[in-house]
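Undergrad: Have a look at this one.
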Amino acid sequence: MRDRRNALLLAAALAGLAYALFFASPYGLRVLTVAGVYALAAFGFQILFGLGGALSMAQGAFFGLGAYVTGILGSRYGLDASVTFPLSLLAPLLVALPVGLAVLRLESHYFALATLGVAQVLHLLAVNLPDLTGGANGLPGVPAFALFGWVAPRGLPMAALVWGVAAVGGLIGWRLARGRLGRSLELVRDDPLAAGCLGLDVGRLRLTAFALSAVYAGAAGALAVHTQRVVSPEVLEFPVMVTILTIAVVGGRGRMVGAVLGALLLIHLPEWFRGLERSYLIVYGAALLLAILVAPNGLTGLLERLFPPPPRALPDAVEPPAGPRATGEILRVEDLSKSFGGVRALDGVSLSVQAGAIVGLIGPNGSGKTTLINVLSGLERPDDGAVWIGGRDRTGAPPDQIARAGLARSFQAATLPNHASVLEAVAAARLPFDRSVAEAEAHARWALDRLGAGDLALRPCHGLPAALRRRVELARALARRPSVLLLDEPAAGLTDAEKADLAAHLRRLAWEGMALLVVEHDMDFLLPLVGWVLCLDRGRTLYAGPPDGARRDAAVIAAYLGGPAVRDDSDDEDGA
Ligand SMILES: Nc1ncnc2c1ncn2[C@@H]1O[C@H](COP(=O)(O)OP(=O)(O)OP(=O)(O)O)[C@@H](O)[C@H]1O
């Protein structure tokens, strides 16, 4: 047994089995069956909301749709589960795909409202198409679950069937959550911009999660109808959605075990308090509040706090495959312009960066440096001009395509996922390229070792000092073996020794053939490091040339350097 937590969960599962086999009344078995149905619906919601962070209000609607498909085909046409069950999964999927394409780009609260609209539309259809759905009264007489002649009557057979399907669904969800999909979704949830810049196709990932959640909900809805033997608009109403959401939060966001624990607790709680009659809802609400206060990270979070998992072993470092060795011009920017309303952030900027070169990008605050980096990395679309990476025109391409074309970037404020370990944060950068999380982590270990940060691997990103955060960000970029690396103020907040260390690492990367574009205000750090400087002022090129020239250029001094602020031996000769 790997740890005490797993032993506890296994003991609880065996106790549940013994309860179902020997002690549960027929009514108790029915409640247990409903808990299994909700656990199944919550698995999908854990993937979409728990891991992907998308607060969908359509999970209840997909549950209801699955229920209606089984209810209509079973009660009206007498079809068995070999037809009704797959169709109950397919129908929500077919609705989720176009809806997801339309609404997944919306910001979180608009997304929640839009998905709530799906539930409203389906509810209206269920009530207003009585010939098909039975209208407000619904359809009674839904048959028991039957498959090729085998029938699962209510009681132990139905409970076993539901929990069997839930076990398979939970196992699939657990594998997905621990694999590349789960890790990628967490990255999308924590920072979609950074996820895109690491090469993840954010839109496709969200759509996959939305589609999966719909399939889980459809399966749960179908089994719910076989349990209740009746389908009515109630299955499309808000309480179903709220129950699924509460199960996910109380159980522990993103955790399949959490969905099971949450469903068992939330579905049984009203039964335990039923004797309290009128004060039942007050006690139920208070119990929920207490659960959230005692276990803010859900029941699984509480279990982890009480029984911390044993420290994990570090993977062996494996060097990631390098791209074709780049030579010549890696990055070319032609006449780039970008305006925000009336502000001309970039105005006809051109630039060329060769393999093995380090170019400095300087300029006063608001001169357009970050905008240039954002346009190069695909976060902003230019109004005019062109961006060539590795000899191909990538103007206006989305961030994930640009990342996969070999461009990596860092952000001014290092964007590391706080809940993850350093190894996991760096491995995230390999997810679009590697076949498994294990492979990504082995490559991440290599990148950390190369920057002398291997001993940080198991530390949480949360609470890392600024210098170490920047080191981890650099490891993230390096793990992908990019041909061009854009760094936005990498020396901010570092001590002199840390800056010297960073400069040495950057020189080595350039020496190996990487092209680097470095935005930095610290001239003592930047100018000795770079071979070429581009100075912007109000979006225009003020100076482009060697660093020594920048120190002497009257326009650069006037707009940015401001006289003797920069130490330079040649200052005396030139009187600059
Ligand atoms: N998303 C945006 N919407 C509106 N204006 C913007 C946006 N992004 C940048 N700007 C404006 O564009 C101009 C250039 O900003 P940018 O952040 O690129 O400058 P910067 O040189 O990186 O500044 P700093 O050194 O302070 O980071 C500024 O006037 C800024 O206010």
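Every chain in the structure tokens has a letter given in the order shown (A, B, ...), and although residue numbers restart at 1 in each chain, ligands are simply numbered from 1 in the order shown.
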When you look at stretch 99-110 of chain A with a cut-off of 10 Å (counting only C-alpha atoms), what residues show up, excluding the ones that are within fewer than 2 positions of it in the same chain? I need them as an MDAnalysis selection string.

TA: chainID A and resid 53:56 58 93:97 112:116 118 202:204 206:211

Undergrad: If you run DSSP over the backbone, which residues in stretch 360-427 of chain A end up alpha helix (DSSP H)? Put them as a list in words.

TA: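 Everything in stretch 360-427 of chain A that counts as alpha helix (DSSP H) is Lys369, Thr370, Thr371, Leu372, Ile373, Asn374, Val375, Leu376, Pro399, Asp400, Gln401, Ile402, Ala403, Arg404, Val422, Leu423, Glu424, Ala425, Val426 and Ala427 of chain A.
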
Undergrad: May I have the residues from that selection written out with C-alpha atoms, as a PDB file, in the first residue's frame?

TA:
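After the write, out_5.pdb holds the following:
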```
ATOM      1  CA  LYS A 369       8.796  46.745 -25.712  1.00  0.00           C
ATOM      2  CA  THR A 370       6.223  44.427 -24.138  1.00  0.00           C
ATOM      3  CA  THR A 371       3.865  45.017 -27.051  1.00  0.00           C
ATOM      4  CA  LEU A 372       6.626  43.911 -29.449  1.00  0.00           C
ATOM      5  CA  ILE A 373       7.201  40.737 -27.394  1.00  0.00           C
ATOM      6  CA  ASN A 374       3.455  40.125 -27.252  1.00  0.00           C
ATOM      7  CA  VAL A 375       3.131  40.474 -31.022  1.00  0.00           C
ATOM      8  CA  LEU A 376       6.126  38.190 -31.610  1.00  0.00           C
ATOM      9  CA  PRO A 399       0.588  31.690 -29.478  1.00  0.00           C
ATOM     10  CA  ASP A 400       0.541  27.887 -29.456  1.00  0.00           C
ATOM     11  CA  GLN A 401       1.523  27.718 -33.149  1.00  0.00           C
ATOM     12  CA  ILE A 402       4.279  30.238 -32.624  1.00  0.00           C
ATOM     13  CA  ALA A 403       5.504  28.288 -29.590  1.00  0.00           C
ATOM     14  CA  ARG A 404       5.593  25.092 -31.616  1.00  0.00           C
ATOM     15  CA  VAL A 422       8.915  23.198  -9.638  1.00  0.00           C
ATOM     16  CA  LEU A 423       9.331  19.926 -11.549  1.00  0.00           C
ATOM     17  CA  GLU A 424       5.655  19.926 -12.530  1.00  0.00           C
ATOM     18  CA  ALA A 425       5.807  23.580 -13.573  1.00  0.00           C
ATOM     19  CA  VAL A 426       8.772  22.960 -15.855  1.00  0.00           C
ATOM     20  CA  ALA A 427       7.324  19.675 -17.162  1.00  0.00           C
TER      21      ALA A 427
END
```

Undergrad: Show me, as a Markdown table, the residues of chain A having an atom within 8 Å of ligand 1, each with the closest atom pair and its distance in Å, using only C-alpha atoms and all ligand atoms.

TA:
```
| residue | atom | partner | partner_atom_place_in_ligand_line | distance |
| --- | --- | --- | --- | --- |
| A:Ser339 | CA | ligand 1 | 12 (O) | 7.3 |
| A:Phe340 | CA | ligand 1 | 4 (C) | 4.7 |
| A:Gly341 | CA | ligand 1 | 4 (C) | 6.9 |
| A:Val343 | CA | ligand 1 | 29 (O) | 6.0 |
| A:Arg344 | CA | ligand 1 | 12 (O) | 6.7 |
| A:Ala345 | CA | ligand 1 | 12 (O) | 4.2 |
| A:Leu346 | CA | ligand 1 | 14 (C) | 7.4 |
| A:Ile362 | CA | ligand 1 | 21 (O) | 7.6 |
| A:Gly363 | CA | ligand 1 | 21 (O) | 6.1 |
| A:Pro364 | CA | ligand 1 | 25 (O) | 5.9 |
| A:Asn365 | CA | ligand 1 | 26 (O) | 3.7 |
| A:Gly366 | CA | ligand 1 | 19 (O) | 3.3 |
| A:Ser367 | CA | ligand 1 | 21 (O) | 3.8 |
| A:Gly368 | CA | ligand 1 | 18 (O) | 3.2 |
| A:Lys369 | CA | ligand 1 | 21 (O) | 3.9 |
| A:Thr370 | CA | ligand 1 | 22 (O) | 3.6 |
| A:Thr371 | CA | ligand 1 | 18 (O) | 3.7 |
| A:Leu372 | CA | ligand 1 | 18 (O) | 6.5 |
| A:Gln412 | CA | ligand 1 | 27 (O) | 7.9 |
| A:His521 | CA | ligand 1 | 25 (O) | 7.5 |
| A:Leu536 | CA | ligand 1 | 21 (O) | 7.6 |
| A:Asp537 | CA | ligand 1 | 21 (O) | 8.0 |
| A:Arg538 | CA | ligand 1 | 14 (C) | 7.1 |
| A:Gly539 | CA | ligand 1 | 14 (C) | 6.9 |
```

Undergrad: Residues within 9 Å of A:Leu266, please, as a PyMOL selection string. Count only C-alpha atoms; anything in the same chain fewer than 2 positions from it doesn't count.

TA: chain A and resi 35+243+246-247+250+261-264+268-270+288

Undergrad: Print the selection's residues with C-alpha atoms to a file, as a PDB file, in the first residue's frame.

TA:
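And here is the file that came out, selection_37.pdb:
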```
ATOM      1  CA  ALA A  35     -25.065   8.684  -5.166  1.00  0.00           C
ATOM      2  CA  THR A 243     -25.857  19.289  -6.623  1.00  0.00           C
ATOM      3  CA  THR A 246     -21.520  21.183  -4.682  1.00  0.00           C
ATOM      4  CA  ILE A 247     -20.287  17.593  -4.956  1.00  0.00           C
ATOM      5  CA  VAL A 250     -17.106  19.630  -1.227  1.00  0.00           C
ATOM      6  CA  LEU A 261     -16.758  11.188  -1.496  1.00  0.00           C
ATOM      7  CA  GLY A 262     -18.745  14.330  -2.292  1.00  0.00           C
ATOM      8  CA  ALA A 263     -21.567  12.370  -3.942  1.00  0.00           C
ATOM      9  CA  LEU A 264     -21.813   9.886  -1.076  1.00  0.00           C
ATOM     10  CA  HIS A 268     -26.915  10.875   1.985  1.00  0.00           C
ATOM     11  CA  LEU A 269     -26.922  14.096   4.023  1.00  0.00           C
ATOM     12  CA  PRO A 270     -30.595  14.964   3.328  1.00  0.00           C
ATOM     13  CA  LEU A 288     -22.426  22.153   4.135  1.00  0.00           C
TER      14      LEU A 288
END
```

Undergrad: Considering only C-alpha atoms, state which residue in the set A:Cys461, A:Leu506, A:Ala61, A:Leu456 is at the smallest distance from A:His123.

TA: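 The answer is A:Ala61, which sits nearest to A:His123.
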
Undergrad: I'd like to know which of A:Val151, A:Leu181, A:Ala12, A:Thr133 is closest to A:Asp201, using only C-alpha atoms.

TA: A:Leu181

Undergrad: Please provide the set of residues having any atom within 9 Å of stretch 290-295 of chain A, restricted to only C-alpha atoms, with same-chain residues fewer than 4 positions apart removed, written as a list in words.

TA: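 Skipping anything fewer than 4 positions along the chain leaves Val249, Val250, Gly252, Gly285, Ala286, Leu299, Thr300, Gly301 and Leu302 of chain A.
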
Undergrad: Do you know which residues are at most 12 Å from A:Gly454 counting only C-alpha atoms, after dropping those on the same chain fewer than 5 positions away, and could you put them as a PDB file with N, CA and C atoms, in the first residue's frame?

TA:
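File produced: part-v8.pdb:
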```pdb
ATOM      1  N   LEU A 314      12.330  11.470  -7.597  1.00  0.00           N
ATOM      2  CA  LEU A 314      12.635  12.315  -8.768  1.00  0.00           C
ATOM      3  C   LEU A 314      12.917  11.430  -9.984  1.00  0.00           C
ATOM      4  N   PRO A 315      12.427  11.812 -11.157  1.00  0.00           N
ATOM      5  CA  PRO A 315      12.776  11.012 -12.342  1.00  0.00           C
ATOM      6  C   PRO A 315      14.232  11.269 -12.738  1.00  0.00           C
ATOM      7  N   ASP A 316      14.816  10.318 -13.462  1.00  0.00           N
ATOM      8  CA  ASP A 316      16.163  10.563 -13.997  1.00  0.00           C
ATOM      9  C   ASP A 316      16.080  11.605 -15.095  1.00  0.00           C
ATOM     10  N   ALA A 317      17.121  12.425 -15.191  1.00  0.00           N
ATOM     11  CA  ALA A 317      17.122  13.467 -16.222  1.00  0.00           C
ATOM     12  C   ALA A 317      17.326  12.833 -17.603  1.00  0.00           C
ATOM     13  N   VAL A 422       8.070  22.634  -8.587  1.00  0.00           N
ATOM     14  CA  VAL A 422       8.915  23.198  -9.638  1.00  0.00           C
ATOM     15  C   VAL A 422       9.033  22.218 -10.804  1.00  0.00           C
ATOM     16  N   LEU A 423       9.204  20.934 -10.486  1.00  0.00           N
ATOM     17  CA  LEU A 423       9.331  19.926 -11.549  1.00  0.00           C
ATOM     18  C   LEU A 423       8.070  19.911 -12.418  1.00  0.00           C
ATOM     19  N   VAL A 426       7.872  23.007 -14.695  1.00  0.00           N
ATOM     20  CA  VAL A 426       8.772  22.960 -15.855  1.00  0.00           C
ATOM     21  C   VAL A 426       8.287  21.884 -16.839  1.00  0.00           C
ATOM     22  N   GLU A 441       8.455  15.008 -17.400  1.00  0.00           N
ATOM     23  CA  GLU A 441       9.161  15.306 -16.144  1.00  0.00           C
ATOM     24  C   GLU A 441      10.648  14.952 -16.235  1.00  0.00           C
ATOM     25  N   ALA A 442      10.954  13.889 -16.982  1.00  0.00           N
ATOM     26  CA  ALA A 442      12.370  13.542 -17.158  1.00  0.00           C
ATOM     27  C   ALA A 442      13.082  14.654 -17.923  1.00  0.00           C
ATOM     28  N   HIS A 443      12.410  15.209 -18.935  1.00  0.00           N
ATOM     29  CA  HIS A 443      12.999  16.312 -19.697  1.00  0.00           C
ATOM     30  C   HIS A 443      13.093  17.576 -18.842  1.00  0.00           C
ATOM     31  N   ALA A 444      12.091  17.771 -17.990  1.00  0.00           N
ATOM     32  CA  ALA A 444      12.103  18.947 -17.109  1.00  0.00           C
ATOM     33  C   ALA A 444      13.284  18.863 -16.151  1.00  0.00           C
ATOM     34  N   ARG A 445      13.543  17.670 -15.656  1.00  0.00           N
ATOM     35  CA  ARG A 445      14.659  17.485 -14.724  1.00  0.00           C
ATOM     36  C   ARG A 445      15.974  17.873 -15.404  1.00  0.00           C
ATOM     37  N   TRP A 446      16.088  17.517 -16.687  1.00  0.00           N
ATOM     38  CA  TRP A 446      17.295  17.860 -17.439  1.00  0.00           C
ATOM     39  C   TRP A 446      17.462  19.385 -17.498  1.00  0.00           C
ATOM     40  N   ALA A 447      16.346  20.071 -17.809  1.00  0.00           N
ATOM     41  CA  ALA A 447      16.428  21.530 -17.937  1.00  0.00           C
ATOM     42  C   ALA A 447      16.796  22.163 -16.597  1.00  0.00           C
ATOM     43  N   LEU A 448      16.219  21.643 -15.517  1.00  0.00           N
ATOM     44  CA  LEU A 448      16.538  22.202 -14.194  1.00  0.00           C
ATOM     45  C   LEU A 448      18.001  21.941 -13.847  1.00  0.00           C
ATOM     46  N   ASP A 449      18.468  20.730 -14.113  1.00  0.00           N
ATOM     47  CA  ASP A 449      19.872  20.403 -13.823  1.00  0.00           C
ATOM     48  C   ASP A 449      20.813  21.333 -14.579  1.00  0.00           C
ATOM     49  N   ARG A 459      10.334  21.287  -4.724  1.00  0.00           N
ATOM     50  CA  ARG A 459       9.778  22.400  -3.923  1.00  0.00           C
ATOM     51  C   ARG A 459       8.534  22.953  -4.591  1.00  0.00           C
ATOM     52  N   LEU A 468      14.810  32.596  -7.789  1.00  0.00           N
ATOM     53  CA  LEU A 468      14.565  31.190  -8.118  1.00  0.00           C
ATOM     54  C   LEU A 468      13.382  31.056  -9.074  1.00  0.00           C
ATOM     55  N   ARG A 471      14.682  31.622 -12.393  1.00  0.00           N
ATOM     56  CA  ARG A 471      15.458  30.464 -12.835  1.00  0.00           C
ATOM     57  C   ARG A 471      14.508  29.372 -13.353  1.00  0.00           C
ATOM     58  N   VAL A 472      13.419  29.176 -12.622  1.00  0.00           N
ATOM     59  CA  VAL A 472      12.460  28.141 -13.022  1.00  0.00           C
ATOM     60  C   VAL A 472      11.793  28.525 -14.348  1.00  0.00           C
ATOM     61  N   ALA A 475      14.141  27.709 -16.986  1.00  0.00           N
ATOM     62  CA  ALA A 475      14.174  26.247 -17.205  1.00  0.00           C
ATOM     63  C   ALA A 475      12.976  25.817 -18.041  1.00  0.00           C
TER      64      ALA A 475
END
```

Undergrad: List every residue of stretch 451-576 of chain A that DSSP, applied to the backbone of this structure, places in strand (DSSP E or B), and write the result as a ChimeraX atom specification.

TA: /A:460,484-488,515-519,532-537,540-545

Undergrad: Produce a file of the selected residues containing N, CA and C atoms, as a PDB file, in the first residue's frame.

TA:
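Below you can see again37.pdb, which holds the result:
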```pdb
ATOM      1  N   PRO A 460       7.573  23.426  -3.800  1.00  0.00           N
ATOM      2  CA  PRO A 460       6.403  24.053  -4.435  1.00  0.00           C
ATOM      3  C   PRO A 460       6.781  25.406  -5.021  1.00  0.00           C
ATOM      4  N   VAL A 484      14.402  30.425 -30.585  1.00  0.00           N
ATOM      5  CA  VAL A 484      14.480  31.839 -30.209  1.00  0.00           C
ATOM      6  C   VAL A 484      13.776  32.038 -28.873  1.00  0.00           C
ATOM      7  N   LEU A 485      14.424  32.804 -28.001  1.00  0.00           N
ATOM      8  CA  LEU A 485      13.917  32.995 -26.643  1.00  0.00           C
ATOM      9  C   LEU A 485      13.745  34.493 -26.378  1.00  0.00           C
ATOM     10  N   LEU A 486      12.532  34.883 -25.969  1.00  0.00           N
ATOM     11  CA  LEU A 486      12.269  36.285 -25.638  1.00  0.00           C
ATOM     12  C   LEU A 486      12.167  36.397 -24.122  1.00  0.00           C
ATOM     13  N   LEU A 487      12.958  37.272 -23.535  1.00  0.00           N
ATOM     14  CA  LEU A 487      12.935  37.409 -22.076  1.00  0.00           C
ATOM     15  C   LEU A 487      12.507  38.822 -21.705  1.00  0.00           C
ATOM     16  N   ASP A 488      11.445  38.920 -20.876  1.00  0.00           N
ATOM     17  CA  ASP A 488      10.929  40.237 -20.503  1.00  0.00           C
ATOM     18  C   ASP A 488      11.414  40.569 -19.089  1.00  0.00           C
ATOM     19  N   ALA A 515      18.809  32.036 -30.402  1.00  0.00           N
ATOM     20  CA  ALA A 515      18.720  33.489 -30.597  1.00  0.00           C
ATOM     21  C   ALA A 515      17.956  34.073 -29.414  1.00  0.00           C
ATOM     22  N   LEU A 516      18.480  35.152 -28.826  1.00  0.00           N
ATOM     23  CA  LEU A 516      17.818  35.714 -27.644  1.00  0.00           C
ATOM     24  C   LEU A 516      17.474  37.184 -27.855  1.00  0.00           C
ATOM     25  N   LEU A 517      16.267  37.552 -27.447  1.00  0.00           N
ATOM     26  CA  LEU A 517      15.857  38.955 -27.448  1.00  0.00           C
ATOM     27  C   LEU A 517      15.507  39.294 -26.003  1.00  0.00           C
ATOM     28  N   VAL A 518      16.251  40.233 -25.421  1.00  0.00           N
ATOM     29  CA  VAL A 518      16.116  40.480 -23.986  1.00  0.00           C
ATOM     30  C   VAL A 518      15.639  41.906 -23.740  1.00  0.00           C
ATOM     31  N   VAL A 519      14.463  42.050 -23.115  1.00  0.00           N
ATOM     32  CA  VAL A 519      13.977  43.362 -22.684  1.00  0.00           C
ATOM     33  C   VAL A 519      14.507  43.597 -21.279  1.00  0.00           C
ATOM     34  N   TRP A 532      23.794  43.569 -29.950  1.00  0.00           N
ATOM     35  CA  TRP A 532      22.998  44.510 -30.742  1.00  0.00           C
ATOM     36  C   TRP A 532      21.909  45.073 -29.840  1.00  0.00           C
ATOM     37  N   VAL A 533      21.564  46.341 -30.060  1.00  0.00           N
ATOM     38  CA  VAL A 533      20.535  46.960 -29.230  1.00  0.00           C
ATOM     39  C   VAL A 533      19.500  47.626 -30.119  1.00  0.00           C
ATOM     40  N   LEU A 534      18.240  47.420 -29.764  1.00  0.00           N
ATOM     41  CA  LEU A 534      17.160  48.165 -30.410  1.00  0.00           C
ATOM     42  C   LEU A 534      16.519  49.013 -29.320  1.00  0.00           C
ATOM     43  N   CYS A 535      16.525  50.332 -29.536  1.00  0.00           N
ATOM     44  CA  CYS A 535      15.910  51.220 -28.548  1.00  0.00           C
ATOM     45  C   CYS A 535      14.633  51.797 -29.143  1.00  0.00           C
ATOM     46  N   LEU A 536      13.519  51.606 -28.439  1.00  0.00           N
ATOM     47  CA  LEU A 536      12.231  52.135 -28.904  1.00  0.00           C
ATOM     48  C   LEU A 536      11.868  53.381 -28.103  1.00  0.00           C
ATOM     49  N   ASP A 537      11.141  54.258 -28.744  1.00  0.00           N
ATOM     50  CA  ASP A 537      10.565  55.396 -28.028  1.00  0.00           C
ATOM     51  C   ASP A 537       9.220  55.703 -28.672  1.00  0.00           C
ATOM     52  N   ARG A 540       8.492  53.859 -31.855  1.00  0.00           N
ATOM     53  CA  ARG A 540       9.379  53.971 -33.023  1.00  0.00           C
ATOM     54  C   ARG A 540      10.800  53.564 -32.668  1.00  0.00           C
ATOM     55  N   THR A 541      11.545  53.171 -33.714  1.00  0.00           N
ATOM     56  CA  THR A 541      12.944  52.835 -33.489  1.00  0.00           C
ATOM     57  C   THR A 541      13.743  54.122 -33.306  1.00  0.00           C
ATOM     58  N   LEU A 542      14.345  54.226 -32.120  1.00  0.00           N
ATOM     59  CA  LEU A 542      15.155  55.409 -31.841  1.00  0.00           C
ATOM     60  C   LEU A 542      16.609  55.127 -32.193  1.00  0.00           C
ATOM     61  N   TYR A 543      16.997  53.865 -31.973  1.00  0.00           N
ATOM     62  CA  TYR A 543      18.377  53.478 -32.239  1.00  0.00           C
ATOM     63  C   TYR A 543      18.408  51.982 -32.520  1.00  0.00           C
ATOM     64  N   ALA A 544      19.210  51.565 -33.478  1.00  0.00           N
ATOM     65  CA  ALA A 544      19.471  50.140 -33.703  1.00  0.00           C
ATOM     66  C   ALA A 544      20.937  50.008 -34.053  1.00  0.00           C
ATOM     67  N   GLY A 545      21.688  49.295 -33.224  1.00  0.00           N
ATOM     68  CA  GLY A 545      23.117  49.166 -33.486  1.00  0.00           C
ATOM     69  C   GLY A 545      23.825  48.529 -32.318  1.00  0.00           C
TER      70      GLY A 545
END
```

Undergrad: Pick out the closest residue to A:Ile330 from this set: A:Ala217, A:Leu193, A:Met514, A:Ala166. Count only C-alpha atoms.

TA: A:Met514

Undergrad: When you draw a straight line from atom CA of A:Gly36 to atom CA of A:Gly218, how long is it in Å?

TA: 13.8 Å

Undergrad: For A:Leu336, find every residue with an atom within 9 Å (counting only C-alpha atoms), except residues of its own chain fewer than 2 positions away, and show them as a PDB file with C-alpha atoms, in the first residue's frame.

TA:
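Result went into result.pdb, see below:
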```pdb
ATOM      1  CA  VAL A 333      10.438  41.596 -37.928  1.00  0.00           C
ATOM      2  CA  GLU A 334       9.413  43.840 -40.834  1.00  0.00           C
ATOM      3  CA  LYS A 338       0.257  48.030 -33.560  1.00  0.00           C
ATOM      4  CA  LEU A 346       4.504  50.059 -32.327  1.00  0.00           C
ATOM      5  CA  ASP A 347       5.169  52.177 -35.369  1.00  0.00           C
ATOM      6  CA  GLY A 348       7.135  50.575 -38.222  1.00  0.00           C
ATOM      7  CA  VAL A 349       9.562  48.526 -36.112  1.00  0.00           C
ATOM      8  CA  SER A 350      12.010  46.230 -37.928  1.00  0.00           C
ATOM      9  CA  LEU A 372       6.626  43.911 -29.449  1.00  0.00           C
ATOM     10  CA  VAL A 375       3.131  40.474 -31.022  1.00  0.00           C
ATOM     11  CA  PRO A 382      -0.121  43.317 -35.493  1.00  0.00           C
ATOM     12  CA  ASP A 383      -2.023  45.916 -37.544  1.00  0.00           C
ATOM     13  CA  ASP A 384       0.681  45.939 -40.157  1.00  0.00           C
ATOM     14  CA  GLY A 385       4.041  44.364 -40.962  1.00  0.00           C
ATOM     15  CA  ALA A 386       5.339  40.809 -40.804  1.00  0.00           C
ATOM     16  CA  VAL A 387       6.977  38.377 -38.357  1.00  0.00           C
TER      17      VAL A 387
END
```
